[in-house]
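**Q** Have a peek at work33.cif (mmCIF, C-alpha atoms).
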```cif
data_final
#
loop_
_atom_site.group_PDB
_atom_site.id
_atom_site.type_symbol
_atom_site.label_atom_id
_atom_site.label_comp_id
_atom_site.auth_asym_id
_atom_site.auth_seq_id
_atom_site.Cartn_x
_atom_site.Cartn_y
_atom_site.Cartn_z
ATOM 1 C CA MET A 1 95.883 63.280 97.144
ATOM 2 C CA GLU A 2 94.600 66.378 98.890
ATOM 3 C CA PHE A 3 96.435 69.529 97.807
ATOM 4 C CA TYR A 4 94.988 71.980 100.343
ATOM 5 C CA PRO A 5 97.423 71.088 103.183
ATOM 6 C CA TRP A 6 100.361 71.318 100.772
ATOM 7 C CA ILE A 7 99.287 74.714 99.490
ATOM 8 C CA LYS A 8 98.746 75.864 103.077
ATOM 9 C CA THR A 9 102.224 74.628 104.044
ATOM 10 C CA LEU A 10 103.794 76.457 101.127
ATOM 11 C CA HIS A 11 101.795 79.567 102.040
ATOM 12 C CA VAL A 12 103.185 79.457 105.591
ATOM 13 C CA LEU A 13 106.733 78.908 104.295
ATOM 14 C CA PHE A 14 106.405 81.925 101.978
ATOM 15 C CA ALA A 15 105.191 83.980 104.953
ATOM 16 C CA ILE A 16 108.198 82.896 107.000
ATOM 17 C CA VAL A 17 110.573 83.839 104.188
ATOM 18 C CA ALA A 18 108.913 87.201 103.456
ATOM 19 C CA VAL A 19 108.476 88.372 107.037
ATOM 20 C CA GLY A 20 111.764 86.867 108.178
ATOM 21 C CA ALA A 21 113.681 88.675 105.452
ATOM 22 C CA ASN A 22 111.879 91.925 106.313
ATOM 23 C CA ILE A 23 112.962 91.573 109.932
ATOM 24 C CA THR A 24 116.593 91.336 108.881
ATOM 25 C CA TYR A 25 116.472 94.806 107.300
ATOM 26 C CA SER A 26 116.659 96.460 110.715
ATOM 27 C CA VAL A 27 119.578 94.212 111.643
ATOM 28 C CA TRP A 28 121.448 95.224 108.469
ATOM 29 C CA ILE A 29 120.805 98.908 109.243
ATOM 30 C CA ALA A 30 121.873 98.579 112.890
ATOM 31 C CA ARG A 31 125.096 96.830 111.859
ATOM 32 C CA ALA A 32 125.790 99.532 109.275
ATOM 33 C CA ALA A 33 125.236 102.238 111.900
ATOM 34 C CA ARG A 34 127.940 100.622 114.048
ATOM 35 C CA GLU A 35 130.261 100.167 111.071
ATOM 36 C CA PRO A 36 129.582 103.065 108.671
ATOM 37 C CA ALA A 37 132.166 101.833 106.179
ATOM 38 C CA HIS A 38 129.762 98.967 105.419
ATOM 39 C CA THR A 39 126.625 101.068 104.928
ATOM 40 C CA GLY A 40 126.684 100.725 101.147
ATOM 41 C CA TYR A 41 127.056 96.968 101.379
ATOM 42 C CA ALA A 42 124.216 96.746 103.895
ATOM 43 C CA LEU A 43 121.892 98.847 101.736
ATOM 44 C CA GLN A 44 122.729 96.788 98.660
ATOM 45 C CA GLY A 45 122.054 93.642 100.696
ATOM 46 C CA ILE A 46 118.640 94.953 101.720
ATOM 47 C CA LYS A 47 117.865 95.890 98.116
ATOM 48 C CA PHE A 48 118.857 92.403 96.944
ATOM 49 C CA LEU A 49 116.697 90.734 99.605
ATOM 50 C CA ASP A 50 113.776 93.046 98.865
ATOM 51 C CA ASP A 51 113.875 92.566 95.090
ATOM 52 C CA ARG A 52 114.828 88.901 94.840
ATOM 53 C CA ILE A 53 113.513 87.186 97.959
ATOM 54 C CA THR A 54 111.011 89.212 99.984
ATOM 55 C CA ASN A 55 108.832 90.656 97.219
ATOM 56 C CA PRO A 56 108.618 87.387 95.255
ATOM 57 C CA ALA A 57 107.630 85.620 98.495
ATOM 58 C CA TYR A 58 104.876 88.201 99.088
ATOM 59 C CA GLY A 59 103.706 87.614 95.511
ATOM 60 C CA GLY A 60 103.604 83.879 96.176
ATOM 61 C CA LEU A 61 101.619 84.540 99.337
ATOM 62 C CA LEU A 62 98.934 86.331 97.352
ATOM 63 C CA ILE A 63 98.630 83.560 94.767
ATOM 64 C CA LEU A 64 98.599 80.795 97.366
ATOM 65 C CA GLY A 65 96.205 82.722 99.600
ATOM 66 C CA ILE A 66 93.744 83.037 96.737
ATOM 67 C CA LEU A 67 94.091 79.314 96.022
ATOM 68 C CA LEU A 68 93.466 78.548 99.708
ATOM 69 C CA VAL A 69 90.236 80.534 99.697
ATOM 70 C CA LEU A 70 89.105 78.995 96.398
ATOM 71 C CA GLY A 71 89.884 75.449 97.534
ATOM 72 C CA GLY A 72 89.134 75.650 101.214
ATOM 73 C CA PRO A 73 86.354 76.359 103.654
ATOM 74 C CA TRP A 74 86.737 80.154 103.489
ATOM 75 C CA GLU A 75 85.014 82.795 101.354
ATOM 76 C CA PHE A 76 86.293 86.127 100.064
ATOM 77 C CA THR A 77 83.286 87.756 101.748
ATOM 78 C CA GLU A 78 84.391 86.731 105.256
ATOM 79 C CA VAL A 79 85.505 89.812 107.152
ATOM 80 C CA TRP A 80 88.978 88.582 108.073
ATOM 81 C CA VAL A 81 89.691 87.470 104.480
ATOM 82 C CA ALA A 82 88.435 90.719 102.946
ATOM 83 C CA VAL A 83 90.292 92.914 105.463
ATOM 84 C CA ALA A 84 93.505 90.900 105.051
ATOM 85 C CA ILE A 85 93.328 91.249 101.263
ATOM 86 C CA GLY A 86 92.635 94.968 101.615
ATOM 87 C CA LEU A 87 95.622 95.377 103.936
ATOM 88 C CA TYR A 88 97.765 93.321 101.554
ATOM 89 C CA LEU A 89 96.847 95.693 98.706
ATOM 90 C CA VAL A 90 97.664 98.721 100.870
ATOM 91 C CA MET A 91 100.953 97.103 101.877
ATOM 92 C CA GLY A 92 101.832 96.438 98.257
ATOM 93 C CA ALA A 93 100.972 99.993 97.234
ATOM 94 C CA VAL A 94 103.063 101.488 100.055
ATOM 95 C CA ALA A 95 105.985 99.169 99.326
ATOM 96 C CA PHE A 96 105.864 99.823 95.576
ATOM 97 C CA THR A 97 105.294 103.584 95.683
ATOM 98 C CA MET A 98 107.236 104.518 98.805
ATOM 99 C CA TYR A 99 109.597 101.908 100.250
ATOM 100 C CA SER A 100 111.310 100.612 97.112
ATOM 101 C CA PRO A 101 111.848 104.049 95.541
ATOM 102 C CA THR A 102 113.100 105.428 98.855
ATOM 103 C CA LEU A 103 115.566 102.554 99.197
ATOM 104 C CA THR A 104 116.840 103.163 95.654
ATOM 105 C CA LYS A 105 117.255 106.894 96.391
ATOM 106 C CA LEU A 106 118.918 106.085 99.724
ATOM 107 C CA ILE A 107 121.537 103.947 97.976
ATOM 108 C CA ALA A 108 122.126 106.672 95.373
ATOM 109 C CA ALA A 109 122.462 109.336 98.092
ATOM 110 C CA TYR A 110 124.955 107.203 99.969
ATOM 111 C CA GLU A 111 126.997 106.539 96.856
ATOM 112 C CA ALA A 112 126.963 110.232 95.878
ATOM 113 C CA ASN A 113 127.513 111.959 99.227
ATOM 114 C CA GLY A 114 127.978 109.359 101.964
ATOM 115 C CA ALA A 115 126.053 108.625 105.129
ATOM 116 C CA GLU A 116 126.686 112.071 106.613
ATOM 117 C CA SER A 117 124.729 114.028 103.997
ATOM 118 C CA ALA A 118 121.416 115.736 104.771
ATOM 119 C CA GLU A 119 119.782 113.900 101.865
ATOM 120 C CA PHE A 120 120.884 110.525 103.234
ATOM 121 C CA ALA A 121 119.604 111.429 106.713
ATOM 122 C CA ALA A 122 116.221 112.540 105.340
ATOM 123 C CA LEU A 123 115.845 109.418 103.216
ATOM 124 C CA SER A 124 116.895 107.216 106.152
ATOM 125 C CA GLY A 125 114.178 108.775 108.286
ATOM 126 C CA ARG A 126 111.587 108.283 105.561
ATOM 127 C CA SER A 127 112.698 104.686 105.056
ATOM 128 C CA ARG A 128 112.408 104.007 108.782
ATOM 129 C CA ILE A 129 108.882 105.471 109.004
ATOM 130 C CA VAL A 130 107.655 103.622 105.915
ATOM 131 C CA GLY A 131 109.262 100.423 107.227
ATOM 132 C CA ILE A 132 107.414 100.774 110.525
ATOM 133 C CA VAL A 133 104.111 101.372 108.715
ATOM 134 C CA LEU A 134 104.702 98.269 106.584
ATOM 135 C CA ALA A 135 105.599 96.212 109.669
ATOM 136 C CA VAL A 136 102.350 97.231 111.391
ATOM 137 C CA ILE A 137 100.354 96.249 108.304
ATOM 138 C CA VAL A 138 102.138 92.884 108.056
ATOM 139 C CA ILE A 139 101.535 92.169 111.739
ATOM 140 C CA ALA A 140 97.842 93.006 111.311
ATOM 141 C CA ILE A 141 97.616 90.599 108.373
ATOM 142 C CA ILE A 142 99.331 87.854 110.377
ATOM 143 C CA VAL A 143 96.903 88.373 113.261
ATOM 144 C CA LEU A 144 93.955 88.141 110.870
ATOM 145 C CA MET A 145 95.338 84.957 109.296
ATOM 146 C CA VAL A 146 95.896 83.261 112.647
ATOM 147 C CA VAL A 147 92.915 84.499 114.683
ATOM 148 C CA LYS A 148 90.341 84.638 111.840
ATOM 149 C CA PRO A 149 88.022 87.011 113.726
ATOM 150 C CA GLY A 150 84.373 87.423 112.831
#
```
Would you mind writing the file's structure down as structure tokens?

**A**
Amino acid sequence: MEFYPWIKTLHVLFAIVAVGANITYSVWIARAAREPAHTGYALQGIKFLDDRITNPAYGGLLILGILLVLGGPWEFTEVWVAVAIGLYLVMGAVAFTMYSPTLTKLIAAYEANGAESAEFAALSGRSRIVGIVLAVIVIAIIVLMVVKPG
């Protein structure tokens, strides 16, 4: 039995889960903006998704991606593979050092002073900017995975 197509399928499923969950974050935030009484619940929901679903799926993507290169026709030295791995490492660093801590602080600020505080507004802006940066990186990785340039 050939395992490569099964690993590739699982890799794609992990990508769907990770990116799909990320996309819902903006929906949670938009809903909370329309119903401020639910902001805390929305932020806790995002934190749960990020910690328990999205980040583990991204971890699985790395492991499966490495297995795909080791067992498939690709090499780590190919430009699109090397750039995608580099972007993945940048994404992970930004998520770990900026997004996750900002989300934790955002929840704490909300719980301490509500959504109208200056601290909450500043952290919301930072979270939005970091989220956009992460989305651009993820889209670039997806393009590299699909197009395989070079």

**Q** Counting only C-alpha atoms, which residue out of A:Ser127, A:Leu13, A:Gly71, A:Glu111 sits closest to A:His38?

**A** A:Glu111

**Q** Can you work out which one of A:Tyr88, A:Trp28, A:Phe76, A:Tyr4 has the shortest atom-to-atom distance to A:Leu49, counting only C-alpha atoms?

**A**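 Closest to A:Leu49, using only C-alpha atoms: A:Trp28.
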
**Q** So that I can see what lies close to A:Pro36, please list as an NGL selection string the residues with an atom at most 12 Å from it, counting all atoms listed in the file and leaving out residues fewer than 5 positions away in the same chain.

**A** :A and (28-31 or 41-43 or 110 or 114-116)

**Q** Between atom CA of A:Phe120 and atom CA of A:Leu106, what is the distance in Å, rounded to a tenth?

**A**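 Atom-to-atom, atom CA of A:Phe120 to atom CA of A:Leu106, that is 6.0 Å.
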
**Q** For A:Tyr99, please output as a ChimeraX atom specification all residues within 12 Å (counting all atoms listed in the file; exclusion window: fewer than 4 positions along the same chain).

**A** /A:22,46-47,50-51,55,91-95,103-106,123-135
